[in-house]
$ cat start.txt   # compact mmCIF, C-alpha atoms
# COMPACT_ATOMS: atom_id res chain seq x y z
CA MET A 1 99.25 118.86 48.09
CA GLU A 2 101.50 118.81 45.04
CA ASN A 3 101.18 122.60 44.81
CA VAL A 4 102.22 122.92 48.45
CA ARG A 5 105.28 120.73 47.89
CA GLU A 6 106.27 122.86 44.89
CA LEU A 7 105.85 125.99 46.99
CA ILE A 8 108.03 124.57 49.77
CA GLY A 9 110.67 123.62 47.21
CA GLU A 10 110.74 127.16 45.83
CA LEU A 11 110.99 128.63 49.33
CA GLN A 12 113.90 126.30 50.08
CA ARG A 13 115.72 127.45 46.93
CA VAL A 14 115.25 131.09 47.88
CA GLU A 15 116.43 130.33 51.43
CA LYS A 16 119.60 128.69 50.10
CA THR A 17 120.35 131.73 47.93
CA ARG A 18 119.61 134.04 50.88
CA ILE A 19 122.19 132.18 52.98
CA GLU A 20 124.78 132.65 50.22
CA CYS A 21 124.00 136.40 50.10
CA ALA A 22 124.26 136.62 53.89
CA GLU A 23 127.75 135.13 53.67
CA ARG A 24 128.72 137.84 51.19
CA LEU A 25 127.36 140.56 53.47
CA ASN A 26 129.34 139.10 56.36
CA GLU A 27 132.49 139.88 54.40
CA VAL A 28 131.59 143.56 53.93
CA GLY A 29 133.82 145.66 56.18
CA GLY A 30 132.10 148.21 58.39
CA LEU A 31 128.58 146.83 57.97
CA LYS A 32 128.39 145.34 61.48
CA LEU A 33 129.04 147.14 64.75
CA GLU A 34 128.92 146.04 68.38
CA CYS A 35 126.13 147.36 70.58
CA THR A 36 127.18 148.80 73.93
CA PRO A 37 124.43 148.30 76.53
CA ASN A 38 123.49 151.49 78.34
CA ASP A 39 122.68 151.65 82.04
CA LEU A 40 118.98 152.45 82.20
CA ASN A 41 118.56 155.61 84.26
CA LEU A 42 116.05 157.59 82.25
CA ARG A 43 112.39 158.20 81.48
CA VAL A 44 111.15 156.43 78.34
CA GLY A 45 107.90 157.51 76.71
CA ALA A 46 105.78 155.73 74.12
CA VAL A 47 102.46 156.19 72.31
CA ASP A 48 100.23 153.87 70.33
CA THR A 49 96.85 154.03 68.63
CA SER A 50 94.54 151.18 67.66
CA ILE A 51 91.82 151.64 65.09
CA VAL A 52 88.66 149.90 63.91
CA SER A 53 86.47 150.97 61.00
CA GLN A 54 83.03 150.02 59.72
CA GLU A 55 81.30 150.94 56.48
CA PHE A 56 77.65 151.98 56.80
CA HIS A 57 75.22 152.70 53.97
CA ALA A 58 75.80 156.48 53.93
CA PHE A 59 79.02 157.01 55.85
CA ASP A 60 82.17 155.35 57.19
CA LEU A 61 82.76 155.08 60.92
CA ILE A 62 86.24 155.01 62.49
CA ILE A 63 86.90 154.20 66.15
CA THR A 64 90.29 154.96 67.70
CA LYS A 65 91.94 154.58 71.07
CA THR A 66 95.22 156.37 71.83
CA VAL A 67 97.39 155.87 74.90
CA GLY A 68 100.71 157.26 76.05
CA VAL A 69 102.95 156.03 78.84
CA VAL A 70 106.19 157.03 80.54
CA PHE A 71 108.38 154.39 82.20
CA GLU A 72 111.01 155.70 84.61
CA TYR A 73 114.04 153.44 84.99
CA ARG A 74 116.51 153.60 87.86
CA ASP A 75 119.58 151.36 87.94
CA GLY A 76 118.16 149.25 85.12
CA LYS A 77 114.84 148.57 86.83
CA LEU A 78 111.39 150.04 86.35
CA TYR A 79 110.89 152.55 89.16
CA LYS A 80 107.49 154.04 88.30
CA HIS A 81 105.15 154.68 85.38
CA GLU A 82 102.48 157.12 84.28
CA TYR A 83 99.72 156.81 81.65
CA ILE A 84 98.52 159.66 79.45
CA PRO A 85 95.65 160.58 79.47
CA SER A 86 94.80 157.58 81.72
CA PRO A 87 95.38 153.82 82.01
CA PHE A 88 91.97 153.15 80.38
CA PRO A 89 91.08 156.03 78.02
CA ALA A 90 87.77 156.16 76.20
CA GLU A 91 87.46 155.44 72.50
CA ASN A 92 87.13 158.30 70.01
CA VAL A 93 84.74 158.13 67.05
CA HIS A 94 85.11 159.75 63.62
CA THR A 95 82.81 159.75 60.61
CA HIS A 96 83.29 160.56 56.95
CA GLY A 97 81.14 160.30 53.87
CA SER A 98 81.40 157.03 51.99
CA MET A 99 84.79 156.49 50.33
CA ASP A 100 86.24 153.81 48.12
CA LEU A 101 88.43 151.20 49.82
CA LEU A 102 91.76 152.88 48.96
CA GLU A 103 90.58 156.26 50.22
CA LEU A 104 89.19 154.69 53.39
CA SER A 105 92.50 152.93 54.06
CA GLN A 106 94.44 156.19 53.63
CA TYR A 107 91.96 158.17 55.72
CA ARG A 108 92.17 155.54 58.49
CA ASN A 109 95.94 155.88 58.59
CA ILE A 110 95.82 159.68 58.60
CA VAL A 111 93.31 159.70 61.49
CA ARG A 112 95.41 157.18 63.43
CA LEU A 113 98.67 159.05 62.90
CA LYS A 114 97.15 162.44 63.76
CA GLU A 115 96.01 161.10 67.12
CA GLU A 116 99.27 159.27 67.78
CA ILE A 117 101.64 162.08 66.82
CA GLY A 118 99.39 164.61 68.52
CA LEU A 119 99.67 162.77 71.84
CA ALA A 120 103.41 162.21 71.26
CA HIS A 121 103.89 166.00 71.61
CA LYS A 122 102.69 165.86 75.20
CA VAL A 123 104.45 162.62 76.16
CA ALA A 124 107.77 163.75 74.64
CA GLY A 125 107.82 166.70 77.01
CA MET A 126 107.71 164.29 79.96
CA CYS A 127 110.57 161.92 79.05
CA ASP A 128 114.22 161.62 77.96
CA LEU A 129 113.60 159.15 75.13
CA MET A 130 110.41 159.14 73.06
CA LEU A 131 109.50 155.95 71.17
CA ILE A 132 107.08 155.79 68.27
CA ASP A 133 105.58 152.37 67.50
CA GLY A 134 106.55 152.18 63.83
CA SER A 135 108.24 154.57 61.47
CA LEU A 136 109.16 158.17 62.27
CA ALA A 137 107.64 159.26 58.95
CA PRO A 138 104.40 158.47 57.14
CA LEU A 139 104.62 155.64 54.63
CA PRO A 140 104.17 156.22 50.87
CA GLY A 141 100.74 154.58 51.00
CA ASP A 142 99.59 157.17 53.55
CA ARG A 143 100.02 160.03 51.07
CA PRO A 144 96.60 160.60 49.50
CA ALA A 145 96.02 161.21 45.81
CA ASN A 146 92.56 162.58 46.60
CA LYS A 147 92.72 166.40 46.79
CA ASP A 148 89.85 166.43 49.30
CA MET A 149 92.05 164.53 51.77
CA ARG A 150 95.14 166.63 51.16
CA GLY A 151 94.16 169.12 53.86
CA GLU A 152 94.00 166.34 56.47
CA TYR A 153 97.39 165.05 55.32
CA ASP A 154 98.94 168.52 55.47
CA GLU A 155 97.74 168.84 59.07
CA LEU A 156 99.46 165.53 59.83
CA LEU A 157 102.70 166.74 58.26
CA GLY A 158 102.48 169.87 60.40
CA LEU A 159 102.26 167.71 63.55
CA TYR A 160 105.34 165.76 62.46
CA MET A 161 107.30 168.94 61.74
CA GLN A 162 106.44 170.43 65.15
CA LEU A 163 107.43 167.18 66.89
CA PHE A 164 110.77 167.07 65.05
CA GLU A 165 111.47 170.74 65.77
CA ARG A 166 110.91 170.39 69.52
CA HIS A 167 112.16 166.87 70.26
CA GLU A 168 114.39 165.71 67.39
CA GLN A 169 117.24 164.32 69.49
CA LYS A 170 115.03 162.23 71.80
CA LEU A 171 112.87 160.59 69.11
CA ALA A 172 113.14 157.01 67.88
CA GLY A 173 110.90 154.88 65.73
CA VAL A 174 110.85 151.15 66.49
CA VAL A 175 109.54 148.98 63.65
CA LYS A 176 108.74 145.48 64.90
CA ASP A 177 108.00 143.89 61.49
CA SER A 178 109.80 146.00 58.92
CA ARG A 179 109.23 145.34 55.22
CA SER A 180 111.98 147.74 54.21
CA LYS A 181 114.72 146.87 51.72
CA ARG A 182 117.01 149.80 52.48
CA VAL A 183 120.04 147.66 53.40
CA MET A 184 119.57 145.46 50.35
CA GLU A 185 119.27 148.59 48.23
CA GLU A 186 122.60 149.80 49.63
CA TYR A 187 124.37 146.50 48.91
CA GLY A 188 122.40 145.41 45.85
CA ALA A 189 125.56 145.00 43.75
CA ILE A 190 126.56 141.87 45.71
CA LEU A 191 123.10 140.37 46.23
CA ASP A 192 121.21 137.91 44.06
CA ALA A 193 118.18 139.28 42.18
CA SER A 194 115.90 136.57 43.60
CA VAL A 195 116.87 137.57 47.14
CA MET A 196 116.23 141.24 46.37
CA ALA A 197 112.76 140.31 45.10
CA ASN A 198 111.78 137.83 47.80
CA SER A 199 113.41 139.11 50.98
CA THR A 200 113.38 142.06 53.35
CA ASP A 201 116.23 143.61 55.31
CA SER A 202 115.22 141.80 58.49
CA THR A 203 115.00 138.33 56.92
CA LEU A 204 118.45 138.73 55.37
CA LEU A 205 120.09 140.41 58.36
CA ASP A 206 118.77 137.67 60.65
CA MET A 207 121.45 135.50 59.02
CA VAL A 208 124.12 138.20 59.25
CA LEU A 209 123.85 139.70 62.72
CA LYS A 210 124.52 137.96 66.01
CA LYS A 211 123.08 138.92 69.38
CA GLY A 212 124.64 142.21 70.47
CA GLU A 213 125.37 143.41 66.92
CA ARG A 214 123.84 146.16 64.80
CA THR A 215 124.25 147.46 61.30
CA LYS A 216 126.05 150.68 60.63
CA THR A 217 123.90 153.78 60.34
CA LEU A 218 122.27 154.28 56.94
CA THR A 219 120.18 157.17 55.69
CA TYR A 220 116.43 156.52 55.69
CA SER A 221 116.39 157.17 51.95
CA LYS A 222 119.09 157.61 49.34
CA ASP A 223 117.68 161.03 48.47
CA ALA A 224 115.09 162.65 50.73
CA LYS A 225 114.54 165.48 48.23
CA THR A 226 113.09 163.12 45.63
CA ASN A 227 111.21 160.83 48.03
CA PRO A 228 107.45 161.58 47.69
CA VAL A 229 106.93 161.59 51.48
CA LEU A 230 110.28 162.79 52.83
CA LYS A 231 110.44 165.85 50.57
CA ASP A 232 107.49 167.24 52.54
CA LEU A 233 109.43 166.84 55.80
CA LEU A 234 112.62 168.67 54.81
CA PRO A 235 115.05 169.59 56.28
CA TYR A 236 114.49 167.03 59.08
CA SER A 237 114.07 164.06 56.73
CA GLU A 238 117.61 164.56 55.40
CA ARG A 239 118.89 163.77 58.91
CA LEU A 240 116.69 160.71 59.38
CA ASN A 241 118.70 157.49 59.67
CA VAL A 242 118.14 153.78 60.30
CA SER A 243 119.97 150.86 61.89
CA TYR A 244 119.03 147.25 62.66
CA ILE A 245 119.84 145.74 66.03
CA LYS A 246 119.91 142.05 66.97
CA ALA A 247 118.90 142.09 70.63
CA GLY A 248 117.41 138.61 70.98
CA ARG A 249 119.35 135.43 70.25
CA ASN A 250 116.27 133.72 68.78
CA ASP A 251 114.51 136.75 67.34
CA ARG A 252 114.88 138.81 64.18
CA PRO A 253 116.62 142.19 64.04
CA VAL A 254 114.56 145.26 64.92
CA ARG A 255 114.65 148.35 62.71
CA ILE A 256 115.43 151.56 64.59
CA GLU A 257 114.90 155.05 63.12
CA PHE A 258 116.47 158.17 64.61
CA PHE A 259 118.02 161.51 63.70
CA GLY A 260 121.73 162.04 63.10
CA GLU A 261 124.54 159.82 64.36
CA ASN A 262 122.79 159.12 67.64
CA SER A 263 124.56 155.95 68.81
CA ASP A 264 123.39 156.60 72.39
CA ILE A 265 119.76 156.05 71.32
CA VAL A 266 120.69 152.83 69.52
CA ASN A 267 122.55 151.47 72.54
CA THR A 268 119.72 152.42 74.89
CA LEU A 269 117.23 150.68 72.62
CA TYR A 270 119.43 147.61 72.57
CA SER A 271 119.22 147.51 76.37
CA LEU A 272 115.43 148.00 76.24
CA CYS A 273 114.98 145.28 73.59
CA ALA A 274 117.33 142.70 75.11
CA ILE A 275 114.93 141.68 77.86
CA ASN A 276 113.92 138.44 76.12
CA ASP A 277 115.86 136.29 73.67
CA ASN A 278 112.67 135.21 71.91
CA TYR A 279 110.86 138.57 71.69
CA SER A 280 113.18 141.55 71.49
CA TYR A 281 110.96 144.61 71.83
CA PRO A 282 110.84 147.40 74.45
CA ALA A 283 108.50 146.65 77.36
CA VAL A 284 107.14 150.20 77.21
CA LEU A 285 105.88 149.62 73.65
CA ILE A 286 104.43 146.23 74.55
CA ASP A 287 102.54 147.81 77.44
CA VAL A 288 101.16 150.76 75.50
CA ASP A 289 100.10 148.43 72.67
CA LEU A 290 98.01 146.37 75.12
CA ARG A 291 96.54 149.51 76.68
CA ALA A 292 95.48 150.84 73.28
CA LEU A 293 93.56 147.71 72.28
CA ILE A 294 89.91 148.42 71.55
CA ASP A 295 87.50 146.12 73.37
CA PRO A 296 85.18 144.36 70.85
CA LYS A 297 82.30 144.92 73.28
CA ALA A 298 82.88 148.68 73.09
CA VAL A 299 82.80 148.47 69.29
CA GLU A 300 79.52 146.52 69.32
CA ARG A 301 78.01 149.08 71.72
CA ILE A 302 78.95 151.98 69.45
CA TYR A 303 77.61 150.19 66.37
CA HIS A 304 74.35 149.40 68.17
CA GLU A 305 73.83 152.98 69.36
CA ILE A 306 74.24 154.26 65.80
CA GLU A 307 71.96 151.63 64.27
CA ILE A 308 69.07 152.34 66.67
CA ALA A 309 69.48 156.13 66.69
CA PRO A 310 66.17 157.86 65.78
CA PHE A 311 65.87 159.88 62.57
CA LEU A 312 69.03 158.27 61.17
CA LYS A 313 67.68 156.17 58.32
CA ASP A 314 71.03 155.58 56.57
CA SER A 315 72.80 154.04 59.54
CA ARG A 316 72.42 150.55 58.05
CA LEU A 317 75.38 148.26 57.46
CA LEU A 318 76.35 147.39 53.91
CA ARG A 319 74.63 144.32 52.46
CA ARG A 320 77.85 142.31 52.46
CA ASN A 321 78.14 142.88 56.23
CA SER A 322 74.52 142.00 57.04
CA ARG A 323 73.75 138.85 55.03
CA PRO A 324 70.85 136.98 56.66
CA PHE A 325 71.95 133.65 55.17
CA ARG A 326 75.52 133.52 56.48
$ encode --input "start.txt" --output "structure tokens"
Amino acid sequence: MENVRELIGELQRVEKTRIECAERLNEVGGLKLECTPNDLNLRVGAVDTSIVSQEFHAFDLIITKTVGVVFEYRDGKLYKHEYIPSPFPAENVHTHGSMDLLELSQYRNIVRLKEEIGLAHKVAGMCDLMLIDGSLAPLPGDRPANKDMRGEYDELLGLYMQLFERHEQKLAGVVKDSRSKRVMEEYGAILDASVMANSTDSTLLDMVLKKGERTKTLTYSKDAKTNPVLKDLLPYSERLNVSYIKAGRNDRPVRIEFFGENSDIVNTLYSLCAINDNYSYPAVLIDVDLRALIDPKAVERIYHEIEIAPFLKDSRLLRRNSRPFR
């Protein structure tokens, strides 16, 4: 218990320093802007993919489920909705030869993003505002070092580029639990080093922004041309920006990603997020997330069919996943 008390004491010290840094940020002119709620008369699309993986003796199995939805709003209320390809789509299965854990993690993300961005092409053509659950660009950890996976990654980049080319001005990424430090990077000169090391933008901005406020628009990266991921998405990545909005009185700010100085998207997302003071997130993304969940019973059925398949000797689980004594 002594260790726990020491930990709590350290967290309290960091919290105190974070409050002091928030007060400094509050004095920065131009950092905070007012959100202007938009009347909701538009079609909002969203996509999401859930993923489960299992390591077998001779191969790795990946199960995905991808769903898209379009909500049509009229006079601020949901008028109708449509699911793509259906309200209850079937799971997809993928296999790959055995990989180490890092490669498997990267391959999982590439498979998930290829399905998600691939479906986003179709959904974006059906709506006025297209929401991606998460970032509008792959994360640095998604970029494989393995040359054998580079072809898969290049295909993913191609899907992103086509999506940006066709639908740039209607795209927005909504990051519910951002770990980014872009704002702190921008204002690092006035922030304490311990806060820079132990905080994220959202934890700090939660003490800066009030309900109905947002940060000014910042570029996604200081220099897209030197960013290992963004340099592969030029010229679009140079126009990729971010802002944080505080839509719920009792919730943390949400990170929004979009192209250009698109304040209309930010204000529309404020209206979509401000439905609940305790959980500020667009209903369309909440719905598609629930629709994309993979039923554990479906996973067990797929595993069982593989394990009992005839003439498939190496379809055994790894020893650590099939211990008879645990």
$ closest_residue --input "start.txt" --among "A:Lys176, A:Lys170, A:Arg143, A:Lys32" --to "Phe258 in chain A" --atoms "only C-alpha atoms"
A:Lys170
$ closest_residue --input "start.txt" --among "A:Pro87, A:Gly141, A:Gly118, A:Gly188" --to "Glu103 in chain A" --atoms "all atoms listed in the file"
A:Gly141
$ closest_residue --input "start.txt" --among "A:Gly151, A:Gly212, A:Gly9, A:Gly260" --to "Lys246 in chain A" --atoms "only C-alpha atoms"
A:Gly212
$ residues_near_point --input "start.txt" --point "(111.1, 160.0, 50.9)" --cutoff "12 Å" --atoms "only C-alpha atoms" --output "PyMOL selection string"
chain A and resi 136-141+143+182+219-241
$ closest_residue --input "start.txt" --among "A:Phe164, A:Phe259, A:Tyr153, A:Tyr244" --to "Arg108 in chain A" --atoms "all atoms listed in the file"
A:Tyr153
$ closest_residue --input "start.txt" --among "A:Leu61, A:Leu205, A:Ala298, A:Leu290" --to "Asn26 in chain A" --atoms "only C-alpha atoms"
A:Leu205
$ atom_distance --input "start.txt" --atom1 "CA of Glu72 in chain A" --atom2 "CA of Gln169 in chain A"
18.5 Å
$ residues_around --input "start.txt" --residues "Leu40 in chain A" --least-positions-apart "6" --cutoff "12 Å" --atoms "all atoms listed in the file" --output "PyMOL selection string"
chain A and resi 71-79+128-129+264-265+267-273
$ write_last_selection --input "start.txt" --atoms "C-alpha atoms" --output "PDB file, in the coordinates of the input"
ATOM      1  CA  PHE A  71     108.380 154.390  82.200  1.00  0.00           C
ATOM      2  CA  GLU A  72     111.010 155.700  84.610  1.00  0.00           C
ATOM      3  CA  TYR A  73     114.040 153.440  84.990  1.00  0.00           C
ATOM      4  CA  ARG A  74     116.510 153.600  87.860  1.00  0.00           C
ATOM      5  CA  ASP A  75     119.580 151.360  87.940  1.00  0.00           C
ATOM      6  CA  GLY A  76     118.160 149.250  85.120  1.00  0.00           C
ATOM      7  CA  LYS A  77     114.840 148.570  86.830  1.00  0.00           C
ATOM      8  CA  LEU A  78     111.390 150.040  86.350  1.00  0.00           C
ATOM      9  CA  TYR A  79     110.890 152.550  89.160  1.00  0.00           C
ATOM     10  CA  ASP A 128     114.220 161.620  77.960  1.00  0.00           C
ATOM     11  CA  LEU A 129     113.600 159.150  75.130  1.00  0.00           C
ATOM     12  CA  ASP A 264     123.390 156.600  72.390  1.00  0.00           C
ATOM     13  CA  ILE A 265     119.760 156.050  71.320  1.00  0.00           C
ATOM     14  CA  ASN A 267     122.550 151.470  72.540  1.00  0.00           C
ATOM     15  CA  THR A 268     119.720 152.420  74.890  1.00  0.00           C
ATOM     16  CA  LEU A 269     117.230 150.680  72.620  1.00  0.00           C
ATOM     17  CA  TYR A 270     119.430 147.610  72.570  1.00  0.00           C
ATOM     18  CA  SER A 271     119.220 147.510  76.370  1.00  0.00           C
ATOM     19  CA  LEU A 272     115.430 148.000  76.240  1.00  0.00           C
ATOM     20  CA  CYS A 273     114.980 145.280  73.590  1.00  0.00           C
TER      21      CYS A 273
END
$ axis_aligned_box --input "start.txt" --around "range 57-71 of chain A" --padding-each-side "5 Å" --output "JSON"
{"center_x": 91.8, "center_y": 155.0, "center_z": 68.1, "size_x": 43.2, "size_y": 14.6, "size_z": 38.3}
$ closest_residue --input "start.txt" --among "A:Ile132, A:Leu159, A:Ile245, A:Val93" --to "Ile306 in chain A" --atoms "all atoms listed in the file"
A:Val93
$ atom_distance --input "start.txt" --atom1 "CA of Ile51 in chain A" --atom2 "CA of Arg112 in chain A"
6.8 Å
$ build_atoms --input "start.txt" --residues "range 101-116 of chain A" --atoms "N, CA and C atoms" --output "compact mmCIF listing (two decimals), in the frame of the given file"
# COMPACT_ATOMS: atom_id res chain seq x y z
N LEU A 101 87.61 151.93 48.86
CA LEU A 101 88.43 151.20 49.82
C LEU A 101 89.82 151.80 49.97
N LEU A 102 90.43 152.27 48.87
CA LEU A 102 91.76 152.88 48.96
C LEU A 102 91.71 154.17 49.76
N GLU A 103 90.72 155.00 49.48
CA GLU A 103 90.58 156.26 50.22
C GLU A 103 90.33 156.00 51.70
N LEU A 104 89.49 155.00 51.99
CA LEU A 104 89.19 154.69 53.39
C LEU A 104 90.44 154.23 54.12
N SER A 105 91.26 153.40 53.45
CA SER A 105 92.50 152.93 54.06
C SER A 105 93.43 154.10 54.36
N GLN A 106 93.57 155.02 53.42
CA GLN A 106 94.44 156.19 53.63
C GLN A 106 93.88 157.10 54.72
N TYR A 107 92.57 157.30 54.71
CA TYR A 107 91.96 158.17 55.72
C TYR A 107 92.12 157.56 57.11
N ARG A 108 91.95 156.24 57.21
CA ARG A 108 92.17 155.54 58.49
C ARG A 108 93.57 155.82 59.02
N ASN A 109 94.56 155.69 58.16
CA ASN A 109 95.94 155.88 58.59
C ASN A 109 96.21 157.32 58.99
N ILE A 110 95.63 158.27 58.26
CA ILE A 110 95.82 159.68 58.60
C ILE A 110 95.19 159.99 59.96
N VAL A 111 93.98 159.50 60.19
CA VAL A 111 93.31 159.70 61.49
C VAL A 111 94.13 159.09 62.61
N ARG A 112 94.61 157.86 62.41
CA ARG A 112 95.41 157.18 63.43
C ARG A 112 96.69 157.94 63.74
N LEU A 113 97.40 158.36 62.70
CA LEU A 113 98.67 159.05 62.90
C LEU A 113 98.47 160.43 63.53
N LYS A 114 97.40 161.13 63.16
CA LYS A 114 97.15 162.44 63.76
C LYS A 114 96.93 162.32 65.27
N GLU A 115 96.21 161.29 65.68
CA GLU A 115 96.01 161.10 67.12
C GLU A 115 97.31 160.71 67.81
N GLU A 116 98.05 159.79 67.17
CA GLU A 116 99.27 159.27 67.78
C GLU A 116 100.35 160.34 67.89
